[in-house]
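Shown next: entry35.cif, containing mmCIF, C-alpha atoms.
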```cif
data_query
loop_
_atom_site.label_atom_id
_atom_site.label_comp_id
_atom_site.auth_asym_id
_atom_site.auth_seq_id
_atom_site.Cartn_x
_atom_site.Cartn_y
_atom_site.Cartn_z
CA MET A 854 42.89 163.73 -31.01
CA LYS A 855 43.89 162.69 -34.54
CA GLU A 856 45.51 166.05 -35.31
CA LYS A 857 47.35 166.04 -31.97
CA ALA A 858 48.57 162.47 -32.61
CA ILE A 859 49.87 163.39 -36.06
CA GLU A 860 51.68 166.42 -34.66
CA SER A 861 53.21 164.39 -31.80
CA MET A 862 54.26 161.51 -34.05
CA ARG A 863 55.78 163.85 -36.61
CA ALA A 864 57.77 165.61 -33.89
CA LEU A 865 58.95 162.26 -32.51
CA LEU A 866 60.15 160.98 -35.90
CA ARG A 867 61.73 164.34 -36.70
CA ARG A 868 63.63 164.19 -33.40
CA GLU A 869 65.06 160.76 -34.25
CA ILE A 870 65.98 161.88 -37.76
CA ASP A 871 67.68 165.04 -36.47
CA ARG A 872 69.65 162.92 -33.99
CA GLU A 873 70.72 160.77 -36.96
CA ASN A 874 69.19 157.68 -35.40
CA MET A 875 67.37 156.92 -38.66
CA PRO A 876 67.05 158.41 -42.14
CA GLY A 877 63.26 158.30 -42.05
CA GLY A 878 60.24 156.51 -40.62
CA LEU A 879 56.64 155.67 -41.46
CA PHE A 880 53.98 154.96 -38.83
CA ALA A 881 50.35 153.95 -39.37
CA LEU A 882 47.51 153.14 -36.95
CA PHE A 883 44.37 151.22 -37.94
CA ARG A 884 41.11 150.38 -36.16
CA ASP A 885 38.42 148.11 -37.61
CA GLY A 886 40.46 147.92 -40.80
CA GLN A 887 40.37 151.68 -41.33
CA GLU A 888 43.32 154.03 -41.00
CA VAL A 889 43.14 156.27 -37.94
CA PHE A 890 46.24 158.26 -38.88
CA SER A 891 49.65 157.88 -40.51
CA VAL A 892 52.87 159.89 -40.60
CA VAL A 893 55.83 159.67 -42.97
CA GLU A 894 59.02 161.62 -42.32
CA GLY A 895 62.56 161.68 -43.67
CA MET A 896 64.45 160.05 -46.49
CA ALA A 897 64.59 156.72 -48.27
CA ASP A 898 68.05 157.56 -49.67
CA LEU A 899 70.14 160.25 -47.97
CA LYS A 900 72.80 160.60 -50.66
CA LYS A 901 70.32 160.96 -53.51
CA ASN A 902 67.94 163.04 -51.37
CA ILE A 903 64.99 160.73 -52.14
CA PRO A 904 62.11 161.25 -49.67
CA LEU A 905 60.46 158.33 -47.93
CA ARG A 906 57.03 157.65 -49.44
CA ARG A 907 53.93 155.71 -48.53
CA ASP A 908 54.80 153.10 -51.17
CA SER A 909 58.49 152.79 -50.21
CA LEU A 910 59.75 149.21 -50.03
CA PHE A 911 61.37 147.96 -46.82
CA ARG A 912 63.37 144.88 -45.89
CA VAL A 913 61.31 143.73 -42.91
CA TYR A 914 63.80 141.08 -41.71
CA SER A 915 62.35 139.25 -38.69
CA MET A 916 58.88 140.69 -39.25
CA THR A 917 58.87 137.91 -41.86
CA LYS A 918 58.38 135.46 -38.98
CA PRO A 919 54.69 136.27 -38.32
CA VAL A 920 53.99 135.68 -42.03
CA THR A 921 55.74 132.30 -41.82
CA SER A 922 53.79 131.46 -38.69
CA VAL A 923 50.44 132.32 -40.27
CA ALA A 924 51.21 130.31 -43.41
CA ALA A 925 52.26 127.28 -41.36
CA MET A 926 49.19 127.51 -39.14
CA MET A 927 47.01 127.43 -42.26
CA LEU A 928 48.52 124.01 -42.95
CA VAL A 929 47.98 122.99 -39.30
CA GLU A 930 44.31 123.95 -39.56
CA GLU A 931 44.01 121.85 -42.72
CA GLY A 932 45.50 118.80 -40.96
CA LYS A 933 48.54 118.74 -43.28
CA LEU A 934 50.97 119.66 -40.49
CA ARG A 935 50.85 118.88 -36.76
CA LEU A 936 52.56 120.78 -33.99
CA THR A 937 53.51 117.48 -32.32
CA ASP A 938 55.22 116.09 -35.44
CA ASN A 939 58.96 115.63 -35.43
CA VAL A 940 60.79 117.88 -37.87
CA SER A 941 62.47 114.75 -39.20
CA ASP A 942 59.08 113.50 -40.44
CA TYR A 943 59.48 116.11 -43.18
CA LEU A 944 63.24 116.78 -43.17
CA PRO A 945 65.00 113.45 -42.45
CA GLU A 946 68.38 115.12 -41.91
CA PHE A 947 67.12 116.36 -38.52
CA ARG A 948 66.62 112.84 -37.14
CA HIS A 949 69.99 112.60 -35.38
CA MET A 950 71.07 115.94 -33.95
CA ASN A 951 73.94 116.87 -31.64
CA ARG A 952 74.08 119.59 -29.03
CA LEU A 953 77.14 121.46 -27.76
CA ASP A 954 77.65 120.99 -24.03
CA PRO A 955 79.32 123.63 -21.80
CA SER A 956 82.72 121.94 -22.19
CA GLY A 957 82.54 122.28 -25.99
CA LYS A 958 81.86 118.59 -26.54
CA LEU A 959 79.29 117.43 -29.10
CA VAL A 960 76.67 115.24 -27.42
CA PRO A 961 73.91 113.28 -29.23
CA CYS A 962 70.45 114.65 -28.45
CA GLU A 963 68.03 112.39 -26.65
CA ARG A 964 64.94 114.09 -28.09
CA GLN A 965 63.99 115.15 -31.59
CA ILE A 966 63.02 118.67 -32.59
CA THR A 967 59.26 119.03 -33.02
CA VAL A 968 57.30 121.46 -35.17
CA TRP A 969 56.14 123.09 -31.92
CA ASN A 970 59.78 123.66 -30.95
CA LEU A 971 60.20 125.62 -34.21
CA PHE A 972 57.13 127.76 -33.49
CA THR A 973 58.40 128.61 -30.00
CA MET A 974 62.17 128.91 -30.60
CA THR A 975 62.74 126.00 -28.21
CA SER A 976 64.42 123.89 -30.91
CA GLY A 977 68.00 124.71 -29.90
CA LEU A 978 68.71 125.99 -33.42
CA VAL A 979 70.79 129.17 -33.34
CA TYR A 980 71.72 132.11 -35.52
CA PRO A 981 75.37 132.82 -36.48
CA ASP A 982 76.03 134.36 -33.06
CA PRO A 983 79.34 135.30 -31.36
CA ASP A 984 79.44 132.35 -28.97
CA PRO A 985 80.75 128.77 -29.34
CA VAL A 986 77.56 127.22 -30.71
CA GLY A 987 76.83 130.26 -32.87
CA SER A 988 80.30 130.07 -34.40
CA TYR A 989 79.41 126.70 -35.97
CA MET A 990 76.49 128.36 -37.74
CA GLN A 991 78.63 131.36 -38.68
CA ARG A 992 81.12 129.10 -40.47
CA CYS A 993 78.21 127.42 -42.25
CA PHE A 994 76.93 130.76 -43.58
CA ASP A 995 80.42 132.06 -44.37
CA ALA A 996 81.00 129.05 -46.63
CA PHE A 997 78.32 130.13 -49.11
CA TYR A 998 78.23 133.93 -48.61
CA ASP A 999 79.83 134.85 -51.96
CA ASP A 1000 77.80 132.30 -53.92
CA ASN A 1001 74.62 133.46 -52.22
CA MET A 1002 75.24 137.12 -53.06
CA ALA A 1003 75.78 136.06 -56.68
CA GLY A 1004 72.51 134.10 -56.76
CA ARG A 1005 74.16 130.67 -56.67
CA GLY A 1006 73.60 129.87 -53.02
CA PRO A 1007 71.67 127.01 -51.41
CA THR A 1008 67.91 126.72 -51.82
CA THR A 1009 65.57 126.93 -48.85
CA ARG A 1010 65.47 123.14 -48.70
CA LYS A 1011 69.26 122.78 -49.09
CA LEU A 1012 69.92 125.35 -46.37
CA ALA A 1013 67.87 123.22 -43.98
CA GLU A 1014 70.23 120.34 -44.70
CA LEU A 1015 73.25 122.54 -43.92
CA VAL A 1016 71.63 123.80 -40.71
CA ALA A 1017 70.95 120.23 -39.59
CA ARG A 1018 74.69 119.52 -39.63
CA GLN A 1019 75.34 122.18 -36.96
CA PRO A 1020 75.00 121.50 -33.23
CA LEU A 1021 72.08 122.71 -31.13
CA ALA A 1022 72.45 125.00 -28.12
CA PHE A 1023 70.52 122.60 -25.87
CA GLU A 1024 68.28 119.54 -25.80
CA PRO A 1025 65.15 120.35 -27.85
CA GLY A 1026 62.40 121.74 -25.64
CA SER A 1027 64.66 122.46 -22.67
CA GLY A 1028 65.44 126.14 -23.36
CA TRP A 1029 64.72 129.19 -25.51
CA ARG A 1030 67.07 130.60 -28.13
CA TYR A 1031 66.35 132.93 -31.02
CA GLY A 1032 67.57 131.28 -34.19
CA LEU A 1033 66.83 129.66 -37.54
CA SER A 1034 63.64 127.86 -36.50
CA ALA A 1035 61.42 129.89 -38.87
CA ASP A 1036 63.72 129.15 -41.81
CA VAL A 1037 63.47 125.41 -41.14
CA LEU A 1038 59.70 125.82 -40.89
CA GLY A 1039 59.77 127.37 -44.36
CA ALA A 1040 61.56 124.28 -45.69
CA ILE A 1041 58.92 122.06 -44.08
CA MET A 1042 56.20 124.04 -45.87
CA GLU A 1043 57.97 123.37 -49.16
CA VAL A 1044 57.81 119.64 -48.48
CA VAL A 1045 54.17 119.73 -47.37
CA SER A 1046 52.92 122.01 -50.15
CA GLY A 1047 55.06 120.64 -52.98
CA MET A 1048 56.01 124.16 -54.08
CA ARG A 1049 58.66 126.75 -53.31
CA PHE A 1050 58.11 128.64 -50.08
CA GLY A 1051 57.63 131.96 -51.87
CA GLU A 1052 55.16 130.40 -54.30
CA PHE A 1053 53.15 129.01 -51.38
CA LEU A 1054 53.05 132.42 -49.68
CA GLN A 1055 51.99 134.07 -52.92
CA GLN A 1056 49.21 131.56 -53.52
CA ARG A 1057 47.83 131.44 -49.99
CA LEU A 1058 48.49 134.93 -48.59
CA PHE A 1059 50.00 137.61 -50.81
CA GLY A 1060 47.73 137.09 -53.82
CA PRO A 1061 44.42 136.77 -51.95
CA LEU A 1062 45.25 139.64 -49.56
CA GLY A 1063 46.30 141.93 -52.41
CA MET A 1064 49.90 142.25 -51.19
CA ALA A 1065 51.21 143.11 -54.64
CA ASP A 1066 54.50 144.60 -53.40
CA THR A 1067 55.54 141.80 -51.04
CA GLY A 1068 58.06 139.08 -51.84
CA PHE A 1069 61.64 137.91 -51.47
CA TYR A 1070 63.09 140.38 -53.99
CA VAL A 1071 62.26 143.62 -55.78
CA PRO A 1072 61.45 143.12 -59.48
CA GLU A 1073 62.49 145.52 -62.23
CA GLY A 1074 60.28 148.56 -62.32
CA LYS A 1075 60.08 148.83 -58.54
CA THR A 1076 63.73 149.18 -57.56
CA ASP A 1077 63.45 152.97 -57.32
CA ARG A 1078 61.09 152.46 -54.36
CA LEU A 1079 63.51 150.27 -52.35
CA THR A 1080 64.83 152.16 -49.34
CA LYS A 1081 68.56 152.16 -48.66
CA LEU A 1082 69.73 149.92 -45.82
CA TYR A 1083 71.79 151.88 -43.31
CA LYS A 1084 74.00 151.02 -40.37
CA TYR A 1085 74.94 153.17 -37.39
CA GLU A 1086 78.71 153.54 -37.22
CA ASP A 1087 80.92 156.08 -35.42
CA GLY A 1088 77.91 158.23 -34.62
CA HIS A 1089 76.69 158.43 -38.23
CA LEU A 1090 74.35 156.62 -40.61
CA LEU A 1091 76.25 154.84 -43.39
CA VAL A 1092 74.94 152.69 -46.22
CA ASP A 1093 75.31 149.00 -45.36
CA GLU A 1094 76.17 146.94 -48.44
CA LYS A 1095 76.70 143.68 -46.55
CA ARG A 1096 73.97 141.14 -45.90
CA HIS A 1097 73.77 138.44 -43.26
CA LEU A 1098 71.61 135.37 -42.52
CA GLY A 1099 71.88 134.18 -46.12
CA LEU A 1100 70.13 137.23 -47.55
CA THR A 1101 71.08 139.11 -50.73
CA LEU A 1102 70.77 142.65 -52.11
CA CYS A 1103 67.16 141.72 -53.00
CA LEU A 1104 67.37 142.79 -56.66
CA SER A 1105 66.87 139.33 -58.18
CA ALA A 1106 65.13 136.14 -57.15
CA PRO A 1107 67.15 134.49 -54.35
CA SER A 1108 67.83 130.77 -54.20
CA PHE A 1109 67.14 130.82 -50.45
CA GLU A 1110 63.74 132.22 -49.43
CA SER A 1111 64.15 132.97 -45.74
CA GLY A 1112 61.12 132.32 -43.54
CA GLY A 1113 62.87 134.12 -40.72
CA ALA A 1114 64.07 137.32 -42.35
CA GLY A 1115 63.72 137.47 -46.13
CA LEU A 1116 60.61 139.47 -47.04
CA ILE A 1117 60.39 142.94 -48.58
CA SER A 1118 57.12 144.83 -48.26
CA THR A 1119 55.34 148.17 -47.97
CA ILE A 1120 53.41 149.48 -45.00
CA ASP A 1121 50.12 149.17 -46.89
CA ASP A 1122 50.81 145.57 -47.90
CA PHE A 1123 51.69 144.67 -44.33
CA ALA A 1124 48.55 146.50 -43.18
CA ARG A 1125 46.43 144.05 -45.19
CA PHE A 1126 48.16 141.14 -43.44
CA GLY A 1127 48.02 142.78 -40.01
CA ASN A 1128 44.40 143.90 -40.33
CA MET A 1129 43.42 140.34 -41.22
CA LEU A 1130 44.94 139.24 -37.90
CA ALA A 1131 43.37 142.14 -35.99
CA ASN A 1132 39.99 141.14 -37.45
CA ARG A 1133 40.44 137.66 -35.98
CA GLY A 1134 41.50 135.95 -39.21
CA VAL A 1135 39.12 137.58 -41.71
CA TRP A 1136 39.83 140.21 -44.39
CA ASN A 1137 37.41 141.47 -47.05
CA GLY A 1138 34.95 138.71 -46.25
CA ARG A 1139 37.47 135.87 -46.60
CA ARG A 1140 38.64 133.79 -43.65
CA TYR A 1141 42.35 132.96 -43.58
CA LEU A 1142 42.70 131.65 -40.02
CA SER A 1143 40.26 130.37 -37.42
CA GLU A 1144 39.47 132.37 -34.29
CA ASP A 1145 41.02 129.53 -32.29
CA THR A 1146 44.37 130.15 -34.01
CA ILE A 1147 44.14 133.88 -33.26
CA ARG A 1148 43.52 133.00 -29.60
CA ARG A 1149 46.64 130.84 -29.71
CA PHE A 1150 48.64 133.80 -30.99
CA GLN A 1151 47.28 135.85 -28.09
CA GLY A 1152 48.28 133.16 -25.61
CA GLY A 1153 52.03 133.11 -26.19
CA LEU A 1154 54.20 130.36 -24.72
CA PRO A 1155 52.64 127.99 -22.15
CA GLU A 1156 56.04 126.73 -20.93
CA ASN A 1157 56.50 129.50 -18.36
CA ARG A 1158 59.64 127.84 -17.02
CA LEU A 1159 61.44 129.07 -20.15
CA LEU A 1160 60.41 132.71 -19.81
CA PRO A 1161 63.54 133.80 -17.86
CA ALA A 1162 65.45 133.32 -21.13
CA LEU A 1163 63.32 136.06 -22.75
CA ASP A 1164 65.42 138.83 -21.25
CA TRP A 1165 65.42 141.34 -24.13
CA ASP A 1166 64.14 144.87 -23.49
CA THR A 1167 61.53 144.25 -26.17
CA MET A 1168 60.20 141.23 -24.25
CA VAL A 1169 59.70 142.76 -20.80
CA GLY A 1170 56.09 142.01 -19.87
CA TYR A 1171 55.64 139.71 -22.87
CA ASP A 1172 55.98 136.01 -23.51
CA TYR A 1173 56.62 134.22 -26.80
CA GLY A 1174 54.93 131.68 -29.04
CA TYR A 1175 54.10 131.08 -32.73
CA LEU A 1176 57.17 133.19 -33.68
CA MET A 1177 55.64 136.28 -32.03
CA ARG A 1178 55.47 138.09 -28.68
CA ALA A 1179 52.24 138.28 -26.69
CA LEU A 1180 51.53 140.90 -24.02
CA ARG A 1181 51.15 139.39 -20.55
CA ASP A 1182 51.94 142.02 -17.90
CA ASN A 1183 51.07 145.71 -18.24
CA SER A 1184 52.95 146.59 -15.07
CA LYS A 1185 56.17 145.69 -16.91
CA ALA A 1186 55.36 146.23 -20.58
CA GLY A 1187 53.42 149.46 -20.20
CA ARG A 1188 50.12 150.29 -21.87
CA GLY A 1189 48.42 147.84 -24.17
CA ALA A 1190 45.80 145.11 -24.29
CA ILE A 1191 46.59 141.75 -22.71
CA GLY A 1192 47.00 139.28 -25.56
CA GLU A 1193 48.22 141.90 -28.04
CA PHE A 1194 50.74 140.14 -30.30
CA GLY A 1195 53.24 140.86 -33.07
CA TRP A 1196 56.95 141.13 -33.79
CA ASP A 1197 59.64 143.45 -35.13
CA GLY A 1198 62.66 143.28 -37.42
CA TRP A 1199 66.43 143.81 -37.30
CA THR A 1200 66.14 146.99 -39.38
CA GLY A 1201 63.50 148.55 -37.09
CA PRO A 1202 60.05 147.63 -38.51
CA TYR A 1203 57.40 146.85 -35.90
CA MET A 1204 53.92 145.29 -35.84
CA SER A 1205 51.41 145.15 -32.99
CA VAL A 1206 48.04 143.39 -33.34
CA ASP A 1207 45.22 143.81 -30.81
CA ALA A 1208 42.62 141.31 -32.00
CA ASP A 1209 40.25 141.99 -29.08
CA ASN A 1210 39.81 145.61 -30.18
CA ASN A 1211 40.65 145.23 -33.91
CA VAL A 1212 43.61 147.59 -33.70
CA LEU A 1213 46.84 147.44 -35.70
CA MET A 1214 50.03 149.49 -35.29
CA LEU A 1215 52.78 149.42 -37.93
CA PHE A 1216 56.12 151.17 -38.17
CA MET A 1217 58.71 151.00 -40.94
CA MET A 1218 62.32 152.19 -40.94
CA GLN A 1219 65.63 150.83 -42.29
CA VAL A 1220 68.65 150.84 -39.98
CA GLY A 1221 70.41 147.54 -39.27
CA GLY A 1222 70.61 146.53 -35.63
CA HIS A 1223 68.04 149.10 -34.48
CA ARG A 1224 66.86 148.09 -30.99
CA GLU A 1225 65.46 151.34 -29.54
CA TRP A 1226 62.48 149.92 -27.65
CA SER A 1227 62.02 153.30 -25.94
CA LEU A 1228 61.09 154.79 -29.33
CA ILE A 1229 58.48 152.08 -29.86
CA ARG A 1230 57.01 152.80 -26.41
CA GLU A 1231 56.72 156.51 -27.26
CA MET A 1232 55.00 155.72 -30.56
CA ARG A 1233 52.63 153.30 -28.84
CA ASP A 1234 51.66 155.91 -26.26
CA ILE A 1235 50.84 158.44 -28.99
CA ALA A 1236 48.75 155.86 -30.85
CA LEU A 1237 46.89 154.67 -27.76
CA ASP A 1238 46.12 158.27 -26.81
CA ALA A 1239 44.61 158.76 -30.26
CA LEU A 1240 42.31 155.75 -29.73
CA GLU A 1241 40.93 156.94 -26.38
#
```
Take the structure in this file and express it as structure tokens.
Amino acid sequence: MKEKAIESMRALLRREIDRENMPGGLFALFRDGQEVFSVVEGMADLKKNIPLRRDSLFRVYSMTKPVTSVAAMMLVEEGKLRLTDNVSDYLPEFRHMNRLDPSGKLVPCERQITVWNLFTMTSGLVYPDPDPVGSYMQRCFDAFYDDNMAGRGPTTRKLAELVARQPLAFEPGSGWRYGLSADVLGAIMEVVSGMRFGEFLQQRLFGPLGMADTGFYVPEGKTDRLTKLYKYEDGHLLVDEKRHLGLTLCLSAPSFESGGAGLISTIDDFARFGNMLANRGVWNGRRYLSEDTIRRFQGGLPENRLLPALDWDTMVGYDYGYLMRALRDNSKAGRGAIGEFGWDGWTGPYMSVDADNNVLMLFMMQVGGHREWSLIREMRDIALDALE
């Protein structure tokens, strides 16, 4: 089955490369912490004809969110952070928030944003989206874009202050909206830990797990391993030199360390993180999270009244909680274990954790705005066949 899976996965990735849907891709499947099979195809840099390699570095964008969630839940388990706390207990600028009503009027919020609202994207915080409330956030990010690209932008803590000045999409807890909740959670961790967000991640996760190639920028000596970021335009893949969401070109230490989208990693580094989750919080004999927390990740979002807002193709059959999806309905989502959890990123990376069977799936690619869920389903089917 392993040989058949490798052949099928290679043909699938080759098909997507030949169709110019991506320059290259890297898939790996693990069970009980051991690799079942992996496939790497295509290029890291099309112009320079540099092949994709096992140690290639990828911007994982929103696959940063599970890392942020795990780090924050470590603080919750230690009693240093509570899900019921108001965000303003740590970041006072969030005490008096406004929301934008349908008429475009700013209305004072009656409730405060809680830490739980950040974990579940029910805070009302938005991304710089093309709608009235998103345009407020877009202007906020536009104001410091040039400074940020030059390394003079706001810090993680300062960005939280800027975000707090923008209106919410709704009363906290009354809806679901994908936005900057994870970035605000990163700022809270800075306050609680007394160190920069990246330093906290390094001390509590990256160092102990052996994730030597993971961080918020690529240091000298490793830049040749950083894959090019592409965009799909006019039927072709073109290099994308622009960055959004306060991110940079990742070649020097950023002032803003984004808990929602900022990490760069390799598939093997992320496998250490993912296999720890698949092994119910333990890796190489060290416990990072309790089994109760892993069960929470498997449980998703209890507020089922909000699930109609989760209308993305990637969320059919899933619900959402702790900055990750959780499988709920096989009849809609397709094959997979109930309670399987994980997330993906804007450039195409994908993680799926099945903690009941100690199985991890990882995929890495680098095309901005890639949302081909059908490709993920095909890869999942090949992997699940290999496990049977």
Residues within 10 Å of (48.3, 127.7, -39.4), file coords, only C-alpha atoms, listed as a PDB file with C-alpha atoms, keeping the file's coordinate frame:
```pdb
ATOM      1  CA  THR A 921      55.740 132.300 -41.820  1.00  0.00           C
ATOM      2  CA  SER A 922      53.790 131.460 -38.690  1.00  0.00           C
ATOM      3  CA  VAL A 923      50.440 132.320 -40.270  1.00  0.00           C
ATOM      4  CA  ALA A 924      51.210 130.310 -43.410  1.00  0.00           C
ATOM      5  CA  ALA A 925      52.260 127.280 -41.360  1.00  0.00           C
ATOM      6  CA  MET A 926      49.190 127.510 -39.140  1.00  0.00           C
ATOM      7  CA  MET A 927      47.010 127.430 -42.260  1.00  0.00           C
ATOM      8  CA  LEU A 928      48.520 124.010 -42.950  1.00  0.00           C
ATOM      9  CA  VAL A 929      47.980 122.990 -39.300  1.00  0.00           C
ATOM     10  CA  GLU A 930      44.310 123.950 -39.560  1.00  0.00           C
ATOM     11  CA  GLU A 931      44.010 121.850 -42.720  1.00  0.00           C
ATOM     12  CA  GLY A 932      45.500 118.800 -40.960  1.00  0.00           C
ATOM     13  CA  LYS A 933      48.540 118.740 -43.280  1.00  0.00           C
ATOM     14  CA  LEU A 934      50.970 119.660 -40.490  1.00  0.00           C
ATOM     15  CA  ARG A 935      50.850 118.880 -36.760  1.00  0.00           C
ATOM     16  CA  LEU A 936      52.560 120.780 -33.990  1.00  0.00           C
ATOM     17  CA  TYR A1141      42.350 132.960 -43.580  1.00  0.00           C
ATOM     18  CA  LEU A1142      42.700 131.650 -40.020  1.00  0.00           C
ATOM     19  CA  SER A1143      40.260 130.370 -37.420  1.00  0.00           C
ATOM     20  CA  THR A1146      44.370 130.150 -34.010  1.00  0.00           C
ATOM     21  CA  ILE A1147      44.140 133.880 -33.260  1.00  0.00           C
ATOM     22  CA  TYR A1175      54.100 131.080 -32.730  1.00  0.00           C
TER      23      TYR A1175
END
```
**Request:** Compare A:Ser1034, A:Asn970, A:Thr1200, A:Ser956 by their minimum atom-to-atom distance to A:Glu1225, counting all atoms listed in the file, and give me the closest one.
**Result:**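 When distances to A:Glu1225 are compared using all atoms listed in the file, the smallest one comes from A:Thr1200.
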**Message:** What's around A:Val1220 at 7 Å? Count all atoms listed in the file, leave out sequence neighbours fewer than 3 positions away in its own chain, and write the answer as number ranges by chain.
**Reply:** A: 875, 1082-1084, 1200-1201, 1223
**Asked** What does the PyMOL selection byres ((chain A and resi 991) around 12) select in this file, as a PyMOL selection string?
**Response** chain A and resi 979-990+992-998+1015-1016+1019-1020+1032-1033+1097-1099
**Asked** Any idea what's packed within 9 Å of A:Arg907, counting all atoms listed in the file, ignoring anything in its chain fewer than 4 positions away? Could you give it as number ranges by chain?
**Response** A: 879, 893, 1119-1121
**Message:** the PyMOL selection byres ((chain A and resi 859) around 12) - which residues does that actually catch in the file I just gave you? List them as an MDAnalysis selection string.
**Reply:** chainID A and resid 854:858 860:867 879:882 889:894 1232 1235:1236 1238:1239
**Prompt:** Distance atom CA of A:Asn902-atom CA of A:Arg1096, one decimal place?
**Reply:**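 Going from atom CA of A:Asn902 over to atom CA of A:Arg1096 covers 23.4 Å.
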**Item:** Contacts of A:Arg1139 within 12 Å, all atoms listed in the file, excl. fewer than 3 positions in-chain, as a PyMOL selection string
**Value:** chain A and resi 1057-1058+1061-1062+1129-1130+1132-1136+1142-1143
**Prompt:** Taking into account all atoms listed in the file, which residue in the set A:Leu1102, A:Thr973, A:Arg1233, A:Met1168 is nearest to A:Phe1150?
**Reply:**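 The closest residue to A:Phe1150 is A:Thr973.
If all atoms listed in the file are the atoms counted, then among A:Leu899, A:Val1037, A:Met1218, A:Leu1054 the closest residue to A:Leu1012 is A:Val1037.
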**Request:** Have a look at atom CA of A:Trp1029 and atom CA of A:Gly1192 and let me know their distance in Å, one decimal.
**Result:**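 Spanning atom CA of A:Trp1029 to atom CA of A:Gly1192 is a straight-line distance of 20.4 Å.
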**Request:** Between A:Val1169, A:Gln1219, A:Met1002, A:Gly1047, single out the one closest to A:Gly895, counting only C-alpha atoms.
**Result:**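 Among the listed residues, the smallest separation from A:Gly895 belongs to A:Gln1219.
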**Prompt:** So which one's closest to A:Phe1109, A:Pro1025, A:Pro1202, A:Gly1039, A:Gly886? Using all atoms listed in the file, please.
**Reply:**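 Among A:Pro1025, A:Pro1202, A:Gly1039, A:Gly886, it is A:Gly1039 that comes nearest to A:Phe1109.
You can rank A:His1089, A:Gly1138, A:Val1071, A:Trp1199 by their closest distance to A:Arg872 using only C-alpha atoms, and at the top of that list sits A:His1089.
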**Request:** Could you please determine the separation between atom CA of A:Asn874 and atom CA of A:Arg1078 in Å, to one decimal place?
**Result:**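 If I compute the distance from atom CA of A:Asn874 to atom CA of A:Arg1078, I get 21.3 Å.
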Once 4 Å is added on each side, what centre and edge lengths in Å to one decimal does the axis-aligned box around all listed atoms of stretch 990-1001 of chain A have, as JSON?
```
{"center_x": 77.9, "center_y": 131.1, "center_z": -45.8, "size_x": 14.5, "size_y": 15.4, "size_z": 24.2}
```
Write out N, CA and C atoms for stretch 1165-1178 of chain A, as a PDB file, in the frame of the given file.
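New file result05.pdb:
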```
ATOM      1  N   TRP A1165      65.208 140.150 -23.320  1.00  0.00           N
ATOM      2  CA  TRP A1165      65.420 141.340 -24.130  1.00  0.00           C
ATOM      3  C   TRP A1165      64.543 142.481 -23.605  1.00  0.00           C
ATOM      4  N   ASP A1166      64.965 143.717 -23.846  1.00  0.00           N
ATOM      5  CA  ASP A1166      64.140 144.870 -23.490  1.00  0.00           C
ATOM      6  C   ASP A1166      62.784 144.806 -24.167  1.00  0.00           C
ATOM      7  N   THR A1167      62.776 144.318 -25.405  1.00  0.00           N
ATOM      8  CA  THR A1167      61.530 144.250 -26.170  1.00  0.00           C
ATOM      9  C   THR A1167      60.567 143.193 -25.644  1.00  0.00           C
ATOM     10  N   MET A1168      61.027 142.322 -24.740  1.00  0.00           N
ATOM     11  CA  MET A1168      60.200 141.230 -24.250  1.00  0.00           C
ATOM     12  C   MET A1168      59.751 141.411 -22.800  1.00  0.00           C
ATOM     13  N   VAL A1169      60.115 142.530 -22.176  1.00  0.00           N
ATOM     14  CA  VAL A1169      59.700 142.760 -20.800  1.00  0.00           C
ATOM     15  C   VAL A1169      58.182 142.890 -20.742  1.00  0.00           C
ATOM     16  N   GLY A1170      57.539 142.015 -19.970  1.00  0.00           N
ATOM     17  CA  GLY A1170      56.090 142.010 -19.870  1.00  0.00           C
ATOM     18  C   GLY A1170      55.400 141.165 -20.929  1.00  0.00           C
ATOM     19  N   TYR A1171      56.189 140.551 -21.812  1.00  0.00           N
ATOM     20  CA  TYR A1171      55.640 139.710 -22.870  1.00  0.00           C
ATOM     21  C   TYR A1171      56.130 138.271 -22.700  1.00  0.00           C
ATOM     22  N   ASP A1172      55.410 137.329 -23.306  1.00  0.00           N
ATOM     23  CA  ASP A1172      55.980 136.010 -23.510  1.00  0.00           C
ATOM     24  C   ASP A1172      55.975 135.712 -25.010  1.00  0.00           C
ATOM     25  N   TYR A1173      56.312 134.485 -25.399  1.00  0.00           N
ATOM     26  CA  TYR A1173      56.620 134.220 -26.800  1.00  0.00           C
ATOM     27  C   TYR A1173      55.999 132.899 -27.249  1.00  0.00           C
ATOM     28  N   GLY A1174      55.442 132.900 -28.435  1.00  0.00           N
ATOM     29  CA  GLY A1174      54.930 131.680 -29.040  1.00  0.00           C
ATOM     30  C   GLY A1174      54.508 131.958 -30.471  1.00  0.00           C
ATOM     31  N   TYR A1175      54.512 130.933 -31.331  1.00  0.00           N
ATOM     32  CA  TYR A1175      54.100 131.080 -32.730  1.00  0.00           C
ATOM     33  C   TYR A1175      54.913 132.163 -33.435  1.00  0.00           C
ATOM     34  N   LEU A1176      56.208 132.265 -33.074  1.00  0.00           N
ATOM     35  CA  LEU A1176      57.170 133.190 -33.680  1.00  0.00           C
ATOM     36  C   LEU A1176      56.803 134.657 -33.438  1.00  0.00           C
ATOM     37  N   MET A1177      56.042 134.923 -32.369  1.00  0.00           N
ATOM     38  CA  MET A1177      55.640 136.280 -32.030  1.00  0.00           C
ATOM     39  C   MET A1177      55.601 136.482 -30.519  1.00  0.00           C
ATOM     40  N   ARG A1178      55.673 137.751 -30.085  1.00  0.00           N
ATOM     41  CA  ARG A1178      55.470 138.090 -28.680  1.00  0.00           C
ATOM     42  C   ARG A1178      53.993 138.224 -28.393  1.00  0.00           C
TER      43      ARG A1178
END
```
